[in-house]
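> File query.txt below, compact mmCIF, C-alpha atoms:
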```txt
# COMPACT_ATOMS: atom_id res chain seq x y z
CA MET V 283 -32.27 3.25 14.32
CA GLN V 284 -29.41 2.24 16.55
CA GLY V 285 -26.04 1.52 14.87
CA GLY V 286 -25.85 -2.15 15.87
CA THR V 287 -29.42 -2.83 14.72
CA PHE V 288 -28.81 -1.11 11.40
CA MET V 289 -25.65 -3.10 10.69
CA LYS V 290 -27.22 -6.39 11.66
CA ALA V 291 -30.05 -5.67 9.25
CA ARG V 292 -27.60 -4.77 6.47
CA LEU V 293 -25.52 -7.89 7.06
CA ARG V 294 -28.60 -10.11 7.21
CA ALA V 295 -29.68 -8.68 3.86
CA ALA V 296 -26.25 -9.36 2.40
CA ALA V 297 -26.32 -12.89 3.77
CA LEU V 298 -29.35 -13.63 1.62
CA LEU V 299 -26.96 -13.47 -1.34
CA ALA V 300 -24.54 -16.09 -0.06
CA GLY V 301 -25.61 -18.62 -2.69
CA ALA V 302 -24.18 -18.54 -6.20
CA PHE V 303 -27.57 -17.81 -7.72
CA CYS V 304 -30.22 -15.37 -6.57
CA CYS V 305 -33.55 -14.84 -8.29
CA LEU V 306 -36.16 -12.17 -7.59
CA LEU V 307 -39.58 -12.90 -9.03
CA LEU V 308 -42.28 -11.09 -7.06
CA PRO V 309 -45.99 -10.37 -7.62
CA SER V 310 -47.10 -6.78 -7.89
CA GLY V 311 -48.93 -6.58 -4.58
CA CYS V 312 -51.46 -4.01 -5.90
CA ALA V 313 -54.91 -4.11 -4.41
CA ASP V 314 -56.76 -3.54 -7.68
CA LYS V 315 -55.24 -5.89 -10.21
CA PRO V 316 -55.39 -4.55 -13.78
CA SER V 317 -56.39 -6.68 -16.71
CA GLU V 318 -53.66 -8.87 -18.22
CA SER V 319 -53.53 -6.69 -21.31
CA MET V 320 -52.64 -3.64 -19.20
CA THR V 321 -49.89 -5.37 -17.22
CA PRO V 322 -46.39 -4.26 -18.32
CA ASP V 323 -44.18 -6.87 -19.90
CA PRO V 324 -41.94 -8.65 -17.36
CA ILE V 325 -38.34 -7.46 -17.13
CA ARG V 326 -35.34 -9.76 -16.85
CA ILE V 327 -31.99 -8.37 -15.70
CA GLY V 328 -28.89 -10.52 -15.28
CA VAL V 329 -26.14 -9.59 -12.83
CA THR V 330 -22.75 -11.28 -12.48
CA LEU V 331 -20.38 -10.44 -9.62
CA TYR V 332 -16.61 -10.85 -9.58
CA ARG V 333 -16.74 -12.42 -6.11
CA GLN V 334 -19.82 -12.45 -3.93
CA SER V 335 -17.83 -12.98 -0.74
CA ASP V 336 -16.42 -9.45 -1.06
CA THR V 337 -18.22 -7.50 1.67
CA PHE V 338 -18.80 -4.34 -0.37
CA ILE V 339 -19.98 -6.27 -3.44
CA SER V 340 -22.33 -8.37 -1.32
CA LEU V 341 -23.87 -5.22 0.16
CA LEU V 342 -24.25 -3.66 -3.28
CA ALA V 343 -25.97 -6.80 -4.58
CA SER V 344 -28.36 -6.74 -1.62
CA ASP V 345 -29.16 -3.11 -2.42
CA LEU V 346 -29.85 -4.08 -6.05
CA LEU V 347 -32.49 -6.52 -4.84
CA ASP V 348 -34.09 -3.77 -2.76
CA CYS V 349 -34.19 -1.49 -5.81
CA ALA V 350 -35.90 -4.19 -7.87
CA LYS V 351 -38.49 -4.88 -5.18
CA ALA V 352 -39.32 -1.19 -4.88
CA ARG V 353 -39.72 -0.77 -8.64
CA GLU V 354 -41.96 -3.85 -8.86
CA THR V 355 -44.33 -2.27 -6.40
CA GLN V 356 -44.11 1.18 -7.94
CA ASP V 357 -44.71 0.14 -11.57
CA ASN V 358 -46.76 -3.04 -11.03
CA VAL V 359 -44.29 -4.97 -13.16
CA LYS V 360 -42.76 -8.40 -12.68
CA ILE V 361 -38.94 -8.18 -12.47
CA THR V 362 -36.56 -11.11 -12.54
CA LEU V 363 -33.17 -10.15 -11.16
CA ASN V 364 -30.69 -13.02 -11.43
CA ILE V 365 -27.50 -12.46 -9.45
CA LEU V 366 -24.67 -14.90 -10.09
CA ASP V 367 -21.27 -15.28 -8.44
CA GLY V 368 -18.26 -15.28 -10.77
CA THR V 369 -16.16 -16.73 -7.91
CA GLY V 370 -13.10 -14.80 -9.13
CA ASN V 371 -12.98 -16.80 -12.38
CA GLN V 372 -13.33 -14.94 -15.69
CA GLY V 373 -14.21 -18.15 -17.54
CA THR V 374 -17.09 -18.77 -15.16
CA GLN V 375 -18.28 -15.20 -15.56
CA ASN V 376 -18.11 -15.40 -19.36
CA GLU V 377 -20.34 -18.49 -19.24
CA GLN V 378 -22.81 -16.63 -17.04
CA VAL V 379 -22.92 -13.73 -19.50
CA ASP V 380 -23.41 -16.17 -22.39
CA ARG V 381 -26.44 -17.68 -20.62
CA PHE V 382 -27.99 -14.28 -20.01
CA LEU V 383 -27.55 -13.38 -23.68
CA ALA V 384 -28.81 -16.75 -24.96
CA GLN V 385 -31.92 -16.45 -22.80
CA GLY V 386 -32.68 -12.99 -24.15
CA TYR V 387 -32.39 -10.95 -20.97
CA ASP V 388 -33.34 -7.29 -21.29
CA ALA V 389 -30.07 -6.01 -19.79
CA ILE V 390 -26.97 -7.41 -18.12
CA CYS V 391 -24.88 -5.90 -15.34
CA VAL V 392 -21.28 -7.02 -14.99
CA ASN V 393 -18.84 -6.61 -12.11
CA GLU V 394 -15.82 -7.90 -14.02
CA VAL V 395 -13.37 -10.43 -12.70
CA ASP V 396 -10.83 -9.12 -15.22
CA ARG V 397 -11.39 -5.64 -16.58
CA THR V 398 -9.47 -6.51 -19.75
CA ALA V 399 -12.18 -9.03 -20.66
CA ALA V 400 -14.77 -6.32 -21.27
CA SER V 401 -14.30 -6.21 -25.05
CA VAL V 402 -15.42 -9.83 -25.46
CA ILE V 403 -18.53 -9.23 -23.34
CA ILE V 404 -19.36 -6.00 -25.16
CA ASP V 405 -19.05 -7.55 -28.61
CA LYS V 406 -21.31 -10.44 -27.67
CA ALA V 407 -23.88 -8.12 -26.09
CA ARG V 408 -23.84 -5.86 -29.13
CA ALA V 409 -24.45 -8.83 -31.45
CA ALA V 410 -27.45 -9.76 -29.28
CA ASP V 411 -28.53 -6.11 -28.96
CA ILE V 412 -28.64 -6.36 -25.16
CA PRO V 413 -27.27 -3.35 -23.23
CA VAL V 414 -24.48 -3.78 -20.69
CA ILE V 415 -23.85 -1.92 -17.45
CA PHE V 416 -20.41 -2.54 -15.95
CA PHE V 417 -19.95 -1.58 -12.32
CA ASN V 418 -17.29 -1.26 -9.63
CA ARG V 419 -14.48 -2.34 -11.99
CA GLU V 420 -14.05 0.12 -14.82
CA PRO V 421 -13.31 -1.25 -18.31
CA VAL V 422 -10.55 0.46 -20.28
CA GLY V 423 -11.70 3.53 -22.19
CA GLU V 424 -11.26 1.96 -25.62
CA ASP V 425 -13.64 -0.85 -24.73
CA MET V 426 -16.27 1.59 -23.50
CA GLN V 427 -16.27 3.20 -26.95
CA ARG V 428 -17.08 -0.06 -28.76
CA TRP V 429 -20.84 0.48 -28.44
CA GLN V 430 -23.22 3.22 -27.39
CA ASN V 431 -25.26 0.89 -25.15
CA VAL V 432 -22.38 0.26 -22.74
CA TYR V 433 -22.31 2.06 -19.39
CA TYR V 434 -20.21 2.14 -16.26
CA VAL V 435 -21.27 2.90 -12.68
CA GLY V 436 -18.59 3.36 -10.05
CA SER V 437 -16.54 5.84 -8.08
CA ASP V 438 -13.30 7.71 -8.67
CA PRO V 439 -10.40 5.79 -7.05
CA ARG V 440 -8.26 8.93 -7.02
CA GLU V 441 -10.87 10.71 -4.91
CA ALA V 442 -11.10 7.73 -2.55
CA GLY V 443 -7.34 7.62 -2.08
CA ASP V 444 -7.10 11.37 -1.59
CA MET V 445 -9.77 11.32 1.11
CA GLN V 446 -8.09 8.40 2.83
CA GLY V 447 -4.84 10.36 2.92
CA ARG V 448 -6.67 13.41 4.26
CA ILE V 449 -7.89 11.38 7.24
CA VAL V 450 -4.25 10.90 8.23
CA VAL V 451 -3.35 14.51 7.41
CA ASP V 452 -6.16 15.75 9.67
CA LEU V 453 -5.02 13.51 12.52
CA TYR V 454 -1.46 14.75 12.08
CA ASP V 455 -2.48 18.40 11.99
CA GLU V 456 -4.54 17.99 15.14
CA ASN V 457 -1.86 16.09 17.06
CA PRO V 458 1.38 15.16 15.25
CA ALA V 459 2.46 12.80 18.03
CA SER V 460 -0.67 10.68 17.56
CA VAL V 461 0.62 9.70 14.11
CA ASP V 462 4.38 10.30 14.22
CA ARG V 463 4.86 8.17 17.31
CA ASN V 464 8.64 7.98 17.17
CA GLY V 465 8.88 11.76 16.79
CA ASP V 466 11.30 11.73 13.86
CA GLY V 467 9.24 14.19 11.81
CA ARG V 468 8.39 11.54 9.24
CA ILE V 469 5.49 9.10 8.93
CA GLN V 470 6.52 5.48 8.42
CA TYR V 471 3.82 3.50 6.66
CA VAL V 472 2.88 0.18 5.07
CA ILE V 473 0.20 -0.48 2.46
CA LEU V 474 -2.11 -3.43 1.96
CA GLU V 475 -3.14 -3.25 -1.69
CA GLY V 476 -5.87 -4.79 -3.81
CA GLU V 477 -5.18 -6.95 -6.84
CA PRO V 478 -1.90 -6.29 -8.65
CA GLY V 479 -2.58 -4.25 -11.78
CA HIS V 480 -6.11 -3.31 -10.73
CA GLN V 481 -6.67 0.36 -11.50
CA ASP V 482 -8.48 1.06 -8.21
CA ALA V 483 -5.63 -0.43 -6.20
CA THR V 484 -3.02 1.53 -8.12
CA LEU V 485 -4.82 4.87 -8.02
CA ARG V 486 -5.98 4.61 -4.42
CA THR V 487 -2.42 3.82 -3.36
CA GLU V 488 -0.88 6.68 -5.32
CA SER V 489 -3.48 9.23 -4.20
CA CYS V 490 -3.40 8.48 -0.49
CA ILE V 491 0.35 9.07 -0.32
CA ALA V 492 0.11 12.14 -2.57
CA ALA V 493 -2.35 13.65 -0.08
CA LEU V 494 0.30 13.49 2.64
CA THR V 495 3.18 14.79 0.58
CA SER V 496 1.02 17.61 -0.81
CA ALA V 497 0.31 18.64 2.78
CA GLY V 498 4.05 18.90 3.40
CA ILE V 499 4.34 15.72 5.47
CA ASP V 500 7.48 13.63 5.04
CA VAL V 501 6.79 9.94 4.56
CA GLU V 502 8.77 6.70 4.47
CA LYS V 503 7.42 3.54 2.92
CA LEU V 504 8.37 0.45 4.93
CA ALA V 505 6.54 -2.23 2.97
CA SER V 506 3.61 -2.96 0.67
CA GLU V 507 1.93 -6.20 -0.32
CA PRO V 508 -1.17 -7.14 -2.34
CA ALA V 509 -3.90 -8.82 -0.31
CA ASN V 510 -6.43 -8.93 -3.17
CA TRP V 511 -9.16 -7.04 -1.27
CA GLN V 512 -9.54 -9.97 1.16
CA ARG V 513 -9.56 -9.85 4.94
CA ALA V 514 -7.88 -13.21 5.49
CA GLN V 515 -5.04 -12.45 3.09
CA ALA V 516 -4.49 -9.05 4.69
CA SER V 517 -4.36 -10.62 8.13
CA ALA V 518 -1.74 -13.12 6.93
CA LYS V 519 0.40 -10.38 5.33
CA MET V 520 0.14 -8.23 8.42
CA ALA V 521 1.11 -11.15 10.65
CA GLN V 522 4.31 -11.57 8.63
CA TRP V 523 5.20 -7.92 9.15
CA LEU V 524 4.44 -8.13 12.86
CA ALA V 525 6.74 -11.14 13.17
CA ASP V 526 9.59 -8.84 12.11
CA GLU V 527 10.18 -7.01 15.39
CA GLU V 528 12.21 -4.20 13.85
CA LEU V 529 9.59 -3.53 11.18
CA ARG V 530 6.68 -3.93 13.59
CA ASP V 531 7.92 -1.25 15.94
CA ARG V 532 8.37 1.30 13.12
CA ILE V 533 4.88 1.09 11.59
CA GLU V 534 2.94 4.26 12.27
CA VAL V 535 0.24 4.13 9.58
CA ILE V 536 -1.36 1.26 7.69
CA PHE V 537 -3.08 2.30 4.46
CA CYS V 538 -5.52 -0.30 3.14
CA ASN V 539 -7.16 -0.14 -0.27
CA ASN V 540 -10.44 -1.34 1.22
CA ASP V 541 -12.09 -1.99 4.58
CA ASP V 542 -11.85 -5.78 4.45
CA MET V 543 -8.06 -5.52 4.34
CA ALA V 544 -8.06 -2.91 7.11
CA LEU V 545 -10.07 -5.28 9.28
CA GLY V 546 -7.62 -8.03 8.40
CA ALA V 547 -4.76 -5.87 9.66
CA ILE V 548 -6.65 -5.28 12.91
CA ASP V 549 -7.24 -9.03 13.22
CA ALA V 550 -3.49 -9.64 12.98
CA TYR V 551 -2.76 -7.20 15.82
CA HIS V 552 -5.39 -8.84 17.99
CA ALA V 553 -4.05 -12.31 17.19
CA ALA V 554 -0.53 -11.13 18.15
CA GLU V 555 -1.99 -9.69 21.38
CA ILE V 556 -0.65 -6.23 20.55
CA SER V 557 -3.01 -3.73 22.15
CA GLU V 558 -1.51 -0.49 20.82
CA LEU V 559 -2.46 -0.17 17.19
CA PRO V 560 -1.00 2.27 14.66
CA VAL V 561 -3.26 4.51 12.60
CA ILE V 562 -5.23 2.19 10.29
CA VAL V 563 -7.44 3.53 7.49
CA GLY V 564 -9.66 1.80 4.93
CA ILE V 565 -12.09 2.52 2.11
CA ASP V 566 -15.76 1.52 1.62
CA ALA V 567 -17.47 2.25 4.98
CA THR V 568 -18.84 -1.28 5.30
CA PRO V 569 -20.86 -2.04 8.46
CA PRO V 570 -17.99 -3.96 10.14
CA ALA V 571 -15.66 -1.04 9.44
CA LEU V 572 -18.10 1.40 11.00
CA LEU V 573 -18.11 -0.74 14.15
CA ALA V 574 -14.29 -0.72 14.12
CA ILE V 575 -14.31 3.07 13.99
CA GLN V 576 -16.62 3.16 16.98
CA ASP V 577 -14.40 0.85 19.04
CA GLY V 578 -11.30 2.87 18.10
CA SER V 579 -9.40 0.20 16.20
CA LEU V 580 -9.97 1.86 12.80
CA ALA V 581 -9.04 5.53 12.50
CA GLY V 582 -11.33 6.17 9.54
CA THR V 583 -12.63 5.07 6.19
CA VAL V 584 -13.99 6.56 2.98
CA ARG V 585 -17.62 5.94 2.19
CA ASN V 586 -18.10 4.17 -1.12
CA ASP V 587 -21.83 4.58 -1.69
CA ALA V 588 -23.12 1.03 -2.30
CA GLN V 589 -26.76 2.08 -2.12
CA GLY V 590 -26.32 4.99 -4.49
CA GLN V 591 -24.40 2.89 -6.99
CA ALA V 592 -26.96 0.08 -6.80
CA GLN V 593 -29.75 2.55 -7.48
CA ALA V 594 -27.93 3.95 -10.51
CA ILE V 595 -27.15 0.46 -11.84
CA PHE V 596 -30.73 -0.67 -11.49
CA ASP V 597 -32.26 2.54 -12.86
CA LEU V 598 -30.01 2.34 -15.91
CA ALA V 599 -30.82 -1.32 -16.50
CA TYR V 600 -34.54 -0.71 -16.07
CA ALA V 601 -34.57 2.31 -18.38
CA LEU V 602 -32.66 0.42 -21.07
CA SER V 603 -34.97 -2.58 -20.66
CA THR V 604 -38.13 -0.49 -21.07
CA GLY V 605 -36.94 1.90 -23.78
CA ALA V 606 -36.85 4.89 -21.43
CA ASN V 607 -34.29 7.68 -21.62
CA PRO V 608 -31.22 6.69 -19.52
CA GLN V 609 -30.31 10.33 -18.88
CA GLU V 610 -33.74 11.02 -17.43
CA ALA V 611 -33.61 7.85 -15.34
CA VAL V 612 -30.14 8.66 -13.97
CA PRO V 613 -29.49 12.43 -13.91
CA MET V 614 -25.89 11.81 -12.76
CA LEU V 615 -25.14 10.05 -16.05
CA GLU V 616 -22.27 11.74 -17.91
CA GLY V 617 -22.13 10.23 -21.37
CA GLN V 618 -21.63 6.55 -20.58
CA TYR V 619 -20.47 7.01 -16.98
CA VAL V 620 -22.03 7.47 -13.54
CA TRP V 621 -19.60 8.58 -10.84
CA ALA V 622 -20.75 8.22 -7.23
CA PRO V 623 -19.18 10.66 -4.76
CA HIS V 624 -17.18 9.60 -1.68
CA SER V 625 -17.16 11.03 1.83
CA ILE V 626 -14.85 10.72 4.82
CA VAL V 627 -16.04 8.77 7.86
CA THR V 628 -14.27 9.07 11.23
CA ILE V 629 -15.27 8.92 14.87
CA GLY V 630 -16.56 12.48 14.54
CA ASN V 631 -19.34 11.61 12.10
CA VAL V 632 -19.67 7.82 12.07
CA MET V 633 -23.10 7.82 13.73
CA GLN V 634 -24.48 9.84 10.82
CA GLU V 635 -24.03 6.72 8.68
CA TYR V 636 -27.01 5.22 10.51
CA ASP V 637 -29.40 8.11 9.87
```
Written as structure tokens, that's how I'd like the structure from this file.


Amino acid sequence: MQGGTFMKARLRAAALLAGAFCCLLLPSGCADKPSESMTPDPIRIGVTLYRQSDTFISLLASDLLDCAKARETQDNVKITLNILDGTGNQGTQNEQVDRFLAQGYDAICVNEVDRTAASVIIDKARAADIPVIFFNREPVGEDMQRWQNVYYVGSDPREAGDMQGRIVVDLYDENPASVDRNGDGRIQYVILEGEPGHQDATLRTESCIAALTSAGIDVEKLASEPANWQRAQASAKMAQWLADEELRDRIEVIFCNNDDMALGAIDAYHAAEISELPVIVGIDATPPALLAIQDGSLAGTVRNDAQGQAQAIFDLAYALSTGANPQEAVPMLEGQYVWAPHSIVTIGNVMQEYD
């Protein structure tokens, strides 16, 4: 499949989730329909997202729907997958969780607005005896220990940050002048960060810089600002930096905690009609970011496996809903955690993302 066709298909699938509520309720599609007594009980899984407009989260939610459809066909079971948008409001998300619990859903999956709110959700779920799978935003360790039927699916932010830094290290090792453009033997950089206090933002930021210093590269931080994972906010922050002529001319690398913010930085350069971009790196490997790598505006990204995480989330929820063994359903499960691996994506291997 060609790259453009693949990404259009992925984005069309994600667009199906643009509404605040999404419900999957499909027939089995089997040719020989079994008797009603042999049909498995229907499964109801509730999902609440921190913000559905987030590109990565939207793709992951689309992949969850695909997982549910495939399992319906495979097991001849009716699955209701309700996906709700928390719209960045913890109060709204708490109300969504309360509805899932009150309606007796078999499992709930929560992409928290505020990771510190996990204890309230866990205690309510435990009282209702409904298992919880958190994903993408890791609750604090103490909250995870409140109940055995609490799980987390995500990726290691330290690994993501380290790989992002290694993209820059590799470019520097291959051709120092391509990164250190002023030739002073030091890399001047800025960082567009996620939400203040968010553990992924903090750890990705720390690890990407540590990768450079561990490789013996001198660095100088020029500026950093939170852009809350959002493309528009990142573009606005970047535009402010570009308006400062002295700062603008010194920026050699832009580290971005996710791809949406990296694309926002690129947008700001285009809006300012500045054709020569510094080295810009992101994290997630979203379809728009892969296109940016191909056109040369993005130096690289780190693949955050949305499909793999969606499969683990769904398999866990389905196993817990049907009384199956979670460890057998998700071999990667380590206690209460599933960690999805990352991989580096640059111009050298970007086309493999479409295989």

> Quick one: pull the distance between atom CA of V:Asp542 and atom CA of V:Ala567, Å, one decimal.

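Atom CA of V:Ala567 lies at a distance of 9.8 Å from atom CA of V:Asp542.
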
> Given the choices V:Gly582, V:Pro322, V:Pro560, V:Gly476, which gets closest to V:Lys360 if the distance is worked out from all atoms listed in the file?

V:Pro322

> Would you compute the distance between atom CA of V:Ala409 and atom CA of V:Tyr387? Give it in Å to one decimal.

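Interatomic distance, atom CA of V:Ala409 to atom CA of V:Tyr387: 13.3 Å.
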
> Can you tell me which residues surround stretch 599-610 of chain V at a distance of at most 7 Å, considering only C-alpha atoms, apart from same-chain residues fewer than 6 positions away, and format the answer as a VMD selection string?

chain V and resid 325 388 to 389 413

> Restrict the calculation to only C-alpha atoms, then for each residue of stretch 384-446 of chain V with any atom at most 6 Å from an atom of stretch 332-351 of chain V give the closest atom pair and their distance in Å to one decimal, rows by chain and rising residue number, as a tab-separated table.


```
residue	atom	partner	partner_atom	distance
V:Asn393	CA	V:Tyr332	CA	5.4
V:Glu394	CA	V:Tyr332	CA	5.4
V:Val395	CA	V:Tyr332	CA	4.5
```

> Fewer than 6 positions away in the same chain doesn't count, so skip those; otherwise give me all residues within 9 Å of V:Asp587, counting only C-alpha atoms, as a PyMOL selection string.

chain V and resi 342+437+566-567+622-625

> So that I have them on file, write out the residues from the current selection with C-alpha atoms, as a CSV table (one decimal), in the frame of the given file.


```csv
chain,number,residue,atom,x,y,z
V,342,LEU,CA,-24.2,-3.7,-3.3
V,437,SER,CA,-16.5,5.8,-8.1
V,566,ASP,CA,-15.8,1.5,1.6
V,567,ALA,CA,-17.5,2.2,5.0
V,622,ALA,CA,-20.8,8.2,-7.2
V,623,PRO,CA,-19.2,10.7,-4.8
V,624,HIS,CA,-17.2,9.6,-1.7
V,625,SER,CA,-17.2,11.0,1.8
```

> Here is a test: counting all atoms listed in the file, which residue of V:Asn376, V:Gln576, V:Asn539, V:Ser489 is nearest to V:Ser506?

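The closest residue to V:Ser506 is V:Asn539.
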
> From the set V:Tyr433, V:Phe596, V:Thr398, V:Arg513, which residue has the shortest atom-to-atom contact distance to V:Arg353, counting only C-alpha atoms?

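Among the listed residues, the smallest separation from V:Arg353 belongs to V:Phe596.
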
> Check the smallest atom-to-atom distance from each of V:Asp438, V:Glu555, V:Asp549, V:Glu635 to V:Val620 using all atoms listed in the file, then report the winner.

V:Asp438

> Rounded to one decimal, what separation in Å do you get between atom CA of V:Leu573 and atom CA of V:Leu545?

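Taking atom CA of V:Leu573 as the start and atom CA of V:Leu545 as the end point, the length is 10.4 Å.
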
> Ranking V:Gly498, V:Gly546, V:Gly436, V:Pro324 by minimum distance to V:Gln515 and counting only C-alpha atoms, which one comes first?

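Of V:Gly498, V:Gly546, V:Gly436, V:Pro324, the one nearest V:Gln515, counting only C-alpha atoms, is V:Gly546.
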
> Can you pull out every residue within 12 Å of V:Gly423, counting all atoms listed in the file, but drop anything in the same chain fewer than 4 positions away, and send it as a list in words?

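The residues satisfying every condition are Arg397, Thr398, Ala400, Ser401, Gln427, Arg428, Trp429, Val432, Tyr433, Tyr434, Gln618 and Tyr619 of chain V.
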
> V:Glu377, V:Glu534, V:Asp411, V:Glu424: which is nearest V:Asp466, counting all atoms listed in the file?

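Nearest candidate to V:Asp466 out of V:Glu377, V:Glu534, V:Asp411, V:Glu424: V:Glu534.
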
> Enumerate, as number ranges by chain, the protein, DNA and RNA residues whose atoms approach (-20.3, -18.2, -18.5) to within 12 Å, taking into account all atoms listed in the file and the coordinate frame of the file.

V: 328-331, 366-369, 371-384, 392, 395, 402-403

> Need to verify the contact set: V:Thr487, 10 Å, all atoms listed in the file, exclusion of same-chain residues closer than 3 positions in sequence. Can you return it as an MDAnalysis selection string?

chainID V and resid 439:440 442:444 446:447 473:476 481:484 490:492 506 537:539
